[in-house]
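Student: File follows, target-v2.txt with compact mmCIF, C-alpha atoms:
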```txt
# COMPACT_ATOMS: atom_id res chain seq x y z
CA MET Q 467 -19.17 19.29 -2.05
CA ARG Q 468 -20.62 15.79 -2.28
CA VAL Q 469 -17.70 13.41 -2.87
CA LEU Q 470 -18.17 9.87 -4.15
CA MET Q 471 -15.05 7.71 -3.75
CA LEU Q 472 -14.51 4.36 -5.48
CA VAL Q 473 -11.92 1.82 -4.31
CA THR Q 474 -11.52 -1.95 -4.69
CA SER Q 475 -10.04 -2.37 -1.21
CA ASP Q 476 -11.98 -3.10 1.98
CA VAL Q 477 -11.58 0.58 2.98
CA ALA Q 478 -11.10 -0.31 6.66
CA GLY Q 479 -7.50 -1.41 6.08
CA ASP Q 480 -6.72 1.19 3.42
CA SER Q 481 -5.03 3.97 5.36
CA ARG Q 482 -4.75 6.33 2.38
CA VAL Q 483 -8.45 6.17 1.58
CA VAL Q 484 -9.44 6.60 5.22
CA ARG Q 485 -7.09 9.58 5.72
CA GLU Q 486 -8.27 11.34 2.59
CA ALA Q 487 -11.95 10.73 3.33
CA THR Q 488 -11.51 11.92 6.93
CA THR Q 489 -9.65 15.07 5.87
CA LEU Q 490 -12.30 15.99 3.30
CA ALA Q 491 -15.13 15.34 5.77
CA GLU Q 492 -13.45 17.49 8.42
CA ALA Q 493 -13.23 20.27 5.83
CA GLY Q 494 -17.00 20.14 5.38
CA HIS Q 495 -17.39 17.89 2.34
CA ALA Q 496 -19.89 14.99 2.43
CA VAL Q 497 -17.94 11.84 1.59
CA HIS Q 498 -19.33 8.45 0.58
CA VAL Q 499 -16.95 5.58 -0.20
CA ILE Q 500 -17.89 2.48 -2.21
CA GLY Q 501 -15.46 -0.32 -1.34
CA ARG Q 502 -15.17 -4.06 -1.73
CA GLY Q 503 -15.81 -6.46 1.13
CA VAL Q 504 -15.91 -3.77 3.82
CA PRO Q 505 -16.03 -5.45 7.27
CA SER Q 506 -19.50 -5.10 8.77
CA SER Q 507 -17.95 -4.39 12.17
CA TRP Q 508 -15.97 -1.39 10.95
CA THR Q 509 -17.16 2.11 11.86
CA PRO Q 510 -16.25 4.82 9.33
CA PRO Q 511 -14.84 8.16 10.50
CA ALA Q 512 -17.26 10.96 11.40
CA GLY Q 513 -18.77 12.54 8.31
CA VAL Q 514 -17.95 9.56 6.08
CA THR Q 515 -20.40 6.89 4.93
CA VAL Q 516 -19.46 3.62 3.29
CA SER Q 517 -21.17 0.96 1.20
CA SER Q 518 -19.72 -2.45 0.42
CA ILE Q 519 -19.76 -4.50 -2.78
CA ASP Q 520 -19.45 -8.27 -2.51
CA ALA Q 521 -17.43 -9.15 -5.61
CA GLY Q 522 -16.42 -12.62 -4.43
CA THR Q 523 -12.94 -14.01 -4.97
CA GLY Q 524 -13.24 -15.72 -8.33
CA LEU Q 525 -11.83 -18.91 -6.82
CA ARG Q 526 -13.55 -22.04 -5.55
CA ARG Q 527 -12.92 -23.48 -2.13
CA ASP Q 528 -11.62 -26.99 -1.63
CA ARG Q 529 -14.74 -29.11 -1.09
CA GLY Q 530 -12.75 -31.98 0.36
CA SER Q 531 -11.43 -29.99 3.29
CA SER Q 532 -13.11 -28.56 6.35
CA GLU Q 533 -10.68 -25.65 6.22
CA PRO Q 534 -11.17 -22.88 3.60
CA SER Q 535 -8.59 -22.76 0.84
CA PRO Q 536 -6.33 -19.68 0.90
CA GLU Q 537 -7.46 -16.87 -1.37
CA PRO Q 538 -5.82 -13.62 -2.53
CA GLY Q 539 -5.51 -11.20 0.36
CA ASP Q 540 -5.93 -13.80 3.12
CA PRO Q 541 -3.60 -13.01 6.05
CA PRO Q 542 -1.06 -15.64 7.07
CA ARG Q 543 -1.34 -17.58 10.28
CA ALA Q 544 1.19 -16.96 13.04
CA ILE Q 545 4.21 -19.14 12.32
CA PRO Q 546 6.98 -20.14 14.74
CA PRO Q 547 10.52 -19.12 13.74
CA GLY Q 548 12.21 -21.62 11.46
CA ALA Q 549 9.01 -23.43 10.47
CA PRO Q 550 7.89 -23.74 6.83
CA VAL Q 551 5.05 -21.33 6.24
CA ARG Q 552 2.68 -23.65 4.41
CA ARG Q 553 2.97 -26.76 2.26
CA ALA Q 554 3.62 -25.68 -1.33
CA LEU Q 555 1.10 -26.51 -4.02
CA PRO Q 556 2.09 -29.22 -6.52
CA PRO Q 557 3.76 -27.83 -9.65
CA HIS Q 558 0.72 -28.42 -11.88
CA LEU Q 559 -1.55 -26.49 -9.49
CA ARG Q 560 0.95 -23.64 -9.24
CA ALA Q 561 1.06 -23.49 -13.03
CA ALA Q 562 -2.74 -23.49 -13.25
CA ARG Q 563 -3.00 -20.71 -10.68
CA TRP Q 564 -0.40 -18.65 -12.55
CA ALA Q 565 -2.25 -19.13 -15.83
CA LEU Q 566 -5.71 -18.36 -14.44
CA LEU Q 567 -4.82 -15.38 -12.26
CA PRO Q 568 -5.56 -12.72 -14.95
CA ARG Q 569 -9.00 -14.27 -15.56
CA HIS Q 570 -9.66 -14.40 -11.83
CA ASN Q 571 -8.72 -10.73 -11.40
CA ALA Q 572 -10.88 -9.69 -14.35
CA THR Q 573 -13.87 -11.61 -12.96
CA VAL Q 574 -13.60 -10.00 -9.54
CA LEU Q 575 -13.18 -6.52 -11.04
CA ALA Q 576 -16.18 -6.97 -13.34
CA ARG Q 577 -18.35 -7.99 -10.38
CA PHE Q 578 -17.17 -5.03 -8.34
CA THR Q 579 -17.70 -2.58 -11.21
CA ALA Q 580 -21.26 -3.78 -11.82
CA GLY Q 581 -22.10 -3.66 -8.13
CA ALA Q 582 -20.52 -0.24 -7.61
CA ALA Q 583 -22.32 1.19 -10.65
CA ALA Q 584 -25.65 0.01 -9.27
CA ASP Q 585 -24.85 1.39 -5.81
CA ALA Q 586 -23.78 4.76 -7.22
CA ALA Q 587 -26.76 5.14 -9.54
CA GLY Q 588 -28.98 6.75 -6.92
CA ARG Q 589 -26.30 8.93 -5.33
CA ASP Q 590 -25.69 12.58 -6.14
CA ALA Q 591 -22.11 13.74 -6.46
CA ASP Q 592 -20.17 16.90 -7.23
CA VAL Q 593 -16.87 15.00 -7.38
CA VAL Q 594 -16.19 11.37 -8.27
CA HIS Q 595 -12.84 10.31 -6.80
CA ALA Q 596 -11.30 7.19 -8.38
CA HIS Q 597 -8.72 5.38 -6.27
CA ASP Q 598 -6.40 3.63 -8.75
CA PHE Q 599 -6.83 2.76 -12.40
CA ASN Q 600 -9.16 -0.20 -11.80
CA THR Q 601 -11.94 2.23 -10.77
CA LEU Q 602 -11.13 5.01 -13.25
CA ALA Q 603 -13.33 3.94 -16.18
CA LEU Q 604 -16.40 3.60 -13.95
CA ALA Q 605 -15.60 6.90 -12.21
CA ALA Q 606 -15.36 8.68 -15.57
CA ARG Q 607 -18.76 7.34 -16.63
CA LEU Q 608 -20.34 8.32 -13.32
CA ALA Q 609 -18.81 11.81 -13.41
CA GLU Q 610 -20.15 12.39 -16.91
CA ALA Q 611 -23.63 11.08 -16.02
CA LYS Q 612 -23.85 13.17 -12.85
CA GLY Q 613 -22.21 16.32 -14.22
CA ALA Q 614 -19.50 15.93 -11.59
CA ARG Q 615 -15.79 16.63 -11.54
CA LEU Q 616 -13.40 13.67 -11.86
CA VAL Q 617 -10.38 13.07 -9.62
CA TYR Q 618 -7.93 10.29 -10.50
CA ASP Q 619 -5.97 9.23 -7.41
CA THR Q 620 -3.32 6.76 -8.55
CA HIS Q 621 -1.60 5.03 -5.64
CA GLU Q 622 1.24 3.81 -7.88
CA PHE Q 623 2.55 3.95 -11.43
CA TRP Q 624 -0.05 1.47 -12.63
CA SER Q 625 1.63 0.20 -15.79
CA GLY Q 626 4.90 -0.34 -13.90
CA ARG Q 627 3.45 -2.59 -11.18
CA PRO Q 628 4.91 -6.04 -10.43
CA ARG Q 629 3.27 -8.83 -12.44
CA VAL Q 630 2.95 -12.22 -10.78
CA GLY Q 631 0.48 -13.98 -13.08
CA ARG Q 632 0.48 -14.92 -16.75
CA PRO Q 633 1.57 -12.00 -18.99
CA THR Q 634 -1.31 -10.25 -20.76
CA PRO Q 635 0.37 -7.88 -23.23
CA TYR Q 636 -2.80 -7.01 -25.15
CA ALA Q 637 -4.71 -6.13 -21.99
CA ALA Q 638 -1.70 -4.17 -20.70
CA ARG Q 639 -1.56 -2.05 -23.87
CA ARG Q 640 -5.33 -1.50 -23.75
CA ASP Q 641 -5.17 -0.42 -20.09
CA LEU Q 642 -2.25 1.91 -20.75
CA ALA Q 643 -4.14 3.64 -23.57
CA ALA Q 644 -7.25 3.92 -21.42
CA GLU Q 645 -5.33 5.38 -18.47
CA ARG Q 646 -3.62 7.92 -20.72
CA ALA Q 647 -6.94 9.07 -22.21
CA LEU Q 648 -9.09 9.04 -19.06
CA GLY Q 649 -6.42 10.67 -16.90
CA ALA Q 650 -6.06 13.48 -19.45
CA ARG Q 651 -9.81 14.13 -19.11
CA ALA Q 652 -9.73 14.19 -15.30
CA ASP Q 653 -10.14 17.53 -13.58
CA ALA Q 654 -7.31 16.61 -11.20
CA VAL Q 655 -4.77 13.81 -10.86
CA ILE Q 656 -3.31 12.96 -7.45
CA THR Q 657 -0.44 10.58 -6.79
CA VAL Q 658 1.71 9.38 -3.93
CA GLY Q 659 5.15 10.82 -4.60
CA PRO Q 660 7.33 13.05 -6.80
CA GLY Q 661 8.75 10.07 -8.73
CA VAL Q 662 5.35 8.84 -9.87
CA ALA Q 663 4.30 12.42 -10.62
CA ARG Q 664 7.34 12.91 -12.89
CA LEU Q 665 6.55 9.73 -14.80
CA LEU Q 666 2.93 10.76 -15.31
CA ARG Q 667 3.98 14.17 -16.56
CA ASN Q 668 6.76 12.87 -18.82
CA GLU Q 669 5.15 9.66 -20.12
CA PHE Q 670 1.55 10.86 -20.41
CA GLY Q 671 2.06 14.59 -20.87
CA TRP Q 672 -0.24 15.44 -17.96
CA ASP Q 673 0.29 18.86 -16.40
CA HIS Q 674 -2.41 18.55 -13.73
CA VAL Q 675 -0.67 16.09 -11.38
CA ARG Q 676 -0.38 16.93 -7.68
CA VAL Q 677 1.44 14.96 -4.97
CA VAL Q 678 -0.39 13.77 -1.84
CA ARG Q 679 1.96 11.34 -0.11
CA ASN Q 680 1.00 8.31 1.99
CA SER Q 681 2.11 10.07 5.14
CA PHE Q 682 0.52 9.78 8.59
CA PRO Q 683 -0.63 12.35 11.15
CA LEU Q 684 1.83 12.93 13.94
CA PRO Q 685 0.80 11.23 17.20
CA ASP Q 686 -0.69 13.40 19.94
CA THR Q 687 1.91 11.97 22.31
CA PRO Q 688 5.30 10.79 21.04
CA TYR Q 689 5.84 7.05 21.26
CA GLU Q 690 8.08 5.83 24.04
CA LEU Q 691 11.08 4.06 22.53
CA PRO Q 692 13.48 1.62 24.22
CA GLU Q 693 16.95 2.68 25.33
CA ALA Q 694 18.34 0.58 22.48
CA PRO Q 695 16.67 -1.30 19.62
CA THR Q 696 15.76 -4.93 20.21
CA GLY Q 697 14.69 -5.83 16.68
CA ALA Q 698 13.32 -4.67 13.33
CA VAL Q 699 9.79 -4.90 11.94
CA TYR Q 700 8.51 -5.18 8.37
CA ALA Q 701 4.87 -4.02 8.53
CA GLY Q 702 3.22 -4.37 5.13
CA ARG Q 703 2.02 -6.75 2.46
CA MET Q 704 4.03 -9.97 2.13
CA ALA Q 705 4.37 -10.87 -1.53
CA PRO Q 706 6.96 -11.30 -4.30
CA TYR Q 707 9.48 -8.52 -4.94
CA ARG Q 708 9.35 -7.21 -1.35
CA GLU Q 709 12.90 -8.42 -0.50
CA LEU Q 710 11.53 -10.68 2.23
CA GLU Q 711 13.68 -13.60 1.10
CA THR Q 712 16.70 -11.32 1.60
CA VAL Q 713 15.42 -10.36 5.06
CA ALA Q 714 15.07 -14.05 6.02
CA GLU Q 715 18.60 -14.81 4.83
CA ALA Q 716 20.06 -11.81 6.66
CA ALA Q 717 18.27 -12.84 9.87
CA ARG Q 718 20.42 -15.98 10.08
CA SER Q 719 23.50 -13.87 10.84
CA LEU Q 720 21.91 -11.45 13.31
CA ASP Q 721 22.21 -12.88 16.79
CA GLY Q 722 20.31 -10.90 19.37
CA LEU Q 723 18.23 -8.86 16.89
CA LYS Q 724 14.71 -10.16 16.33
CA LEU Q 725 13.18 -9.63 12.86
CA THR Q 726 9.39 -9.67 12.52
CA LEU Q 727 7.30 -9.70 9.34
CA MET Q 728 3.64 -8.76 9.74
CA GLY Q 729 0.81 -8.00 7.36
CA PRO Q 730 -1.53 -9.53 4.78
CA ALA Q 731 0.10 -12.06 2.47
CA ASP Q 732 -0.09 -13.39 -1.06
CA PRO Q 733 -1.00 -17.03 -0.30
CA THR Q 734 0.71 -18.46 -3.38
CA TRP Q 735 3.99 -16.75 -2.54
CA LEU Q 736 3.57 -17.72 1.11
CA THR Q 737 3.65 -21.43 0.29
CA THR Q 738 7.24 -21.11 -0.97
CA PHE Q 739 8.60 -18.68 1.60
CA GLU Q 740 11.01 -19.98 4.25
CA PRO Q 741 11.16 -17.39 7.04
CA GLY Q 742 14.19 -18.87 8.80
CA PRO Q 743 14.55 -17.22 12.23
CA CYS Q 744 12.10 -14.44 11.32
CA GLU Q 745 8.83 -14.23 13.22
CA VAL Q 746 5.82 -14.05 10.89
CA ARG Q 747 2.60 -12.45 12.12
CA PRO Q 748 -0.77 -11.92 10.44
CA ALA Q 749 -2.14 -8.51 9.60
CA ALA Q 750 -3.03 -6.41 12.65
CA PRO Q 751 -4.75 -3.06 13.28
CA LEU Q 752 -2.51 -0.06 12.70
CA PRO Q 753 -2.12 0.85 16.41
CA GLU Q 754 -0.80 -2.66 17.09
CA ALA Q 755 1.76 -2.35 14.28
CA GLU Q 756 2.83 1.03 15.63
CA ARG Q 757 3.28 -0.34 19.14
CA LEU Q 758 5.43 -3.19 17.83
CA LEU Q 759 7.59 -0.77 15.82
CA ALA Q 760 8.10 1.41 18.89
CA GLU Q 761 8.92 -1.64 21.02
CA ARG Q 762 11.52 -3.05 18.58
CA GLY Q 763 12.99 0.30 17.50
CA ILE Q 764 13.78 -0.20 13.79
CA ALA Q 765 11.55 -0.41 10.69
CA LEU Q 766 12.35 -2.49 7.61
CA VAL Q 767 11.31 -0.66 4.42
CA THR Q 768 12.22 -3.05 1.62
CA HIS Q 769 11.30 -3.75 -2.00
CA SER Q 770 13.05 -4.80 -5.18
CA ALA Q 771 14.37 -2.57 -7.95
CA ARG Q 772 13.04 -4.83 -10.71
CA TRP Q 773 9.82 -2.93 -11.47
CA VAL Q 774 9.40 0.72 -12.45
CA ASN Q 775 6.79 1.19 -9.75
CA HIS Q 776 9.25 0.09 -7.07
CA ARG Q 777 11.92 2.47 -8.32
CA VAL Q 778 9.61 5.48 -7.87
CA ALA Q 779 7.71 4.28 -4.78
CA LEU Q 780 7.54 5.92 -1.36
CA PRO Q 781 5.96 3.10 0.68
CA ASN Q 782 3.50 3.58 3.55
CA LYS Q 783 6.03 1.75 5.72
CA LEU Q 784 8.45 4.66 5.45
CA PHE Q 785 5.92 7.20 6.69
CA LEU Q 786 4.65 4.86 9.40
CA ALA Q 787 8.19 4.63 10.76
CA VAL Q 788 8.43 8.43 10.73
CA ARG Q 789 5.14 8.72 12.64
CA VAL Q 790 6.34 6.30 15.31
CA GLY Q 791 9.77 7.99 15.40
CA VAL Q 792 11.97 4.99 14.61
CA PRO Q 793 14.86 4.79 12.11
CA VAL Q 794 14.57 2.69 8.98
CA VAL Q 795 16.74 0.15 7.22
CA ALA Q 796 15.71 0.54 3.60
CA THR Q 797 16.55 -0.77 0.16
CA ASP Q 798 18.86 1.53 -1.81
CA VAL Q 799 16.34 2.16 -4.61
CA ASP Q 800 15.84 5.51 -6.37
CA GLU Q 801 13.00 7.50 -4.74
CA LEU Q 802 12.99 5.68 -1.40
CA ALA Q 803 16.75 5.98 -0.93
CA GLY Q 804 16.62 9.67 -1.87
CA VAL Q 805 14.23 10.51 0.97
CA VAL Q 806 16.18 8.39 3.48
CA ARG Q 807 19.42 10.18 2.55
CA GLU Q 808 17.86 13.65 2.42
CA HIS Q 809 16.51 13.42 5.97
CA GLY Q 810 19.04 10.97 7.47
CA LEU Q 811 16.25 8.54 8.39
CA GLY Q 812 18.36 5.38 8.54
CA THR Q 813 20.70 3.08 6.66
CA LEU Q 814 20.56 1.51 3.19
CA TYR Q 815 21.55 -1.75 1.49
CA ALA Q 816 21.58 -2.95 -2.13
CA PRO Q 817 18.59 -5.05 -3.28
CA GLY Q 818 19.20 -8.78 -2.88
CA ASP Q 819 22.33 -8.33 -0.73
CA ALA Q 820 21.63 -10.22 2.50
CA ALA Q 821 25.08 -9.52 3.89
CA GLY Q 822 24.60 -5.84 3.09
CA LEU Q 823 21.24 -5.85 4.84
CA ALA Q 824 22.81 -7.42 7.94
CA ARG Q 825 25.52 -4.73 7.91
CA ALA Q 826 22.89 -1.99 7.52
CA LEU Q 827 20.97 -3.36 10.49
CA ARG Q 828 24.10 -3.47 12.65
CA GLU Q 829 24.96 0.09 11.61
CA ALA Q 830 21.43 1.24 12.51
CA VAL Q 831 21.84 -0.29 15.96
CA GLU Q 832 25.21 1.43 16.47
CA ARG Q 833 23.94 4.82 15.27
CA TRP Q 834 20.47 4.48 16.77
CA PRO Q 835 20.37 7.60 19.05
CA GLU Q 836 21.64 9.79 16.20
CA LEU Q 837 19.12 8.31 13.75
CA VAL Q 838 16.21 8.70 16.18
CA ASP Q 839 17.04 12.41 16.48
CA ALA Q 840 17.08 12.74 12.68
CA VAL Q 841 13.69 11.03 12.32
CA ARG Q 842 12.16 13.31 14.94
CA ALA Q 843 13.56 16.36 13.18
CA ALA Q 844 12.03 15.19 9.88
CA GLN Q 845 8.57 14.44 11.29
CA PRO Q 846 6.92 17.82 10.50
CA ALA Q 847 8.02 17.76 6.84
CA LEU Q 848 6.98 14.12 6.34
CA SER Q 849 3.61 14.23 8.13
CA TRP Q 850 -0.02 14.24 6.99
CA ASP Q 851 -0.32 17.93 7.94
CA VAL Q 852 1.63 18.74 4.78
CA ASP Q 853 -0.22 16.28 2.56
CA ALA Q 854 -3.68 17.10 3.93
CA ALA Q 855 -3.05 20.71 2.91
CA ALA Q 856 -2.10 19.52 -0.60
CA LEU Q 857 -5.30 17.45 -0.86
CA LEU Q 858 -7.49 20.32 0.33
CA ALA Q 859 -5.82 22.65 -2.16
CA VAL Q 860 -6.82 20.30 -4.99
CA TYR Q 861 -10.41 20.29 -3.78
CA ALA Q 862 -10.44 24.06 -3.29
CA ALA Q 863 -9.45 24.41 -6.95
CA LEU Q 864 -12.27 22.05 -7.95
CA GLU Q 865 -14.77 24.17 -6.01
CA ARG Q 866 -13.59 27.31 -7.78
```
Could the structure of this file be written out as structure tokens, please?
Tutor:
Amino acid sequence: MRVLMLVTSDVAGDSRVVREATTLAEAGHAVHVIGRGVPSSWTPPAGVTVSSIDAGTGLRRDRGSSEPSPEPGDPPRAIPPGAPVRRALPPHLRAARWALLPRHNATVLARFTAGAAADAAGRDADVVHAHDFNTLALAARLAEAKGARLVYDTHEFWSGRPRVGRPTPYAARRDLAAERALGARADAVITVGPGVARLLRNEFGWDHVRVVRNSFPLPDTPYELPEAPTGAVYAGRMAPYRELETVAEAARSLDGLKLTLMGPADPTWLTTFEPGPCEVRPAAPLPEAERLLAERGIALVTHSARWVNHRVALPNKLFLAVRVGVPVVATDVDELAGVVREHGLGTLYAPGDAAGLARALREAVERWPELVDAVRAAQPALSWDVDAAALLAVYAALER
């Protein structure tokens, strides 16, 4: 079938979108992805084509500086341990940014939607595949206009996501009603884990939800690990409610164990974050993150329990650690903790408990050989082989 995917990410750094598109193309489907700000240097996988929409950022740059102002999604610079990450904005500018963030997000999304609609107008499709709620309304219109099937692929429980800008209760209620109605009309709904699937079934009454986790293919050759762990790595987005403040506090009591945080960062949050002895690195290609995980030996898989979406999440970081073959130190939060316990993947600590996190890290070091064996034993069940089969089953049903 001809598959048209819509996503507001840059595609190149969106491992879920790339894996799904690659799997469908390898199965014989023709896949085109419309993304936002796709790097011109990036080469899509075989059988996949990509077009890019320039939706801007919605923010002005500082005209009085030769250096661009930070914008949402900008990666952090490399920062020496113990140094402040970036000078915080004055209180009045922080308040203005907080107040204007919903308008900024709406402006960017409107630009993307208009550009994607124009790009998709001349493309034929048998399936329109919407990645997340912010592309669902456009995908539904395109599917109806083209006589195509509609797939809603929600990467999280959208209405339970963390909110960092000014509250918008009216817009939140409107979006919730729209998601409920449009998802009910979809020919298939895909999500990232059993916890989100249960919420969608129970809260929305949907009976057509299937789970395709954010797992990774197993490596052709197992990663070589050290004889003993030398540190722990958090490889993911740096933003509020990721427990990174707890990680920085715990690092102060961990002599001899190096903690590294790497990934794209929320620039507003970054101005207030004090990393302490943690090393902070900018976002890097996935193979580089994997090599660092293998070199250090332990993965940090952390987030808060404040938001519904966090309580049901199975983060990419968990499955990346499984691919590399390293144990995890994870937050003891509902769905995440359940998988860690079920497979014996590592140790757990209570959200916000820096002393508990330090203890969990020390325990992971002491039990490391045992935990490595458990991770290796769990790899087949927690790999993309399982989830690729689930995705292809959804598409086989659409073909029928």
Student: Calculated over only C-alpha atoms, which of the candidates Q:Gln845, Q:Thr726, Q:Asn571, Q:Ser719 has the smallest distance to Gly810 in chain Q?
Tutor: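 Checking each of Q:Gln845, Q:Thr726, Q:Asn571, Q:Ser719 against Gly810 in chain Q, counting only C-alpha atoms, the winner is Q:Gln845.
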Student: My list of candidates is Q:Arg485, Q:Arg842, Q:Arg632, Q:Arg718. Which is closest to Phe682 in chain Q when distances are computed with only C-alpha atoms?
Tutor: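 Checking each candidate against Phe682 in chain Q, we get Q:Arg485 as the closest.
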Student: Go ahead and compute the interatomic distance for CA of Glu715 in chain Q and CA of Leu814 in chain Q, in Å to one decimal.
Tutor: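 Calculated distance between CA of Glu715 in chain Q and CA of Leu814 in chain Q is 16.5 Å.
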Student: So how far away is CA of Glu836 in chain Q from CA of Gly697 in chain Q, in Å?
Tutor: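 About the pair CA of Gly697 in chain Q and CA of Glu836 in chain Q: they are 17.1 Å apart.
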Student: In Å, rounded to a single decimal, give me how far CA of Arg679 in chain Q is from CA of Ala606 in chain Q.
Tutor: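 CA of Ala606 in chain Q sits 23.4 Å away from CA of Arg679 in chain Q.
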Student: When you look at Ala779 in chain Q with a cut-off of 8 Å (counting only C-alpha atoms), what residues show up, excluding the ones that are within fewer than 5 positions of it in the same chain? I need them as number ranges by chain.
Tutor: Q: 622, 658-659, 661-662, 801-802
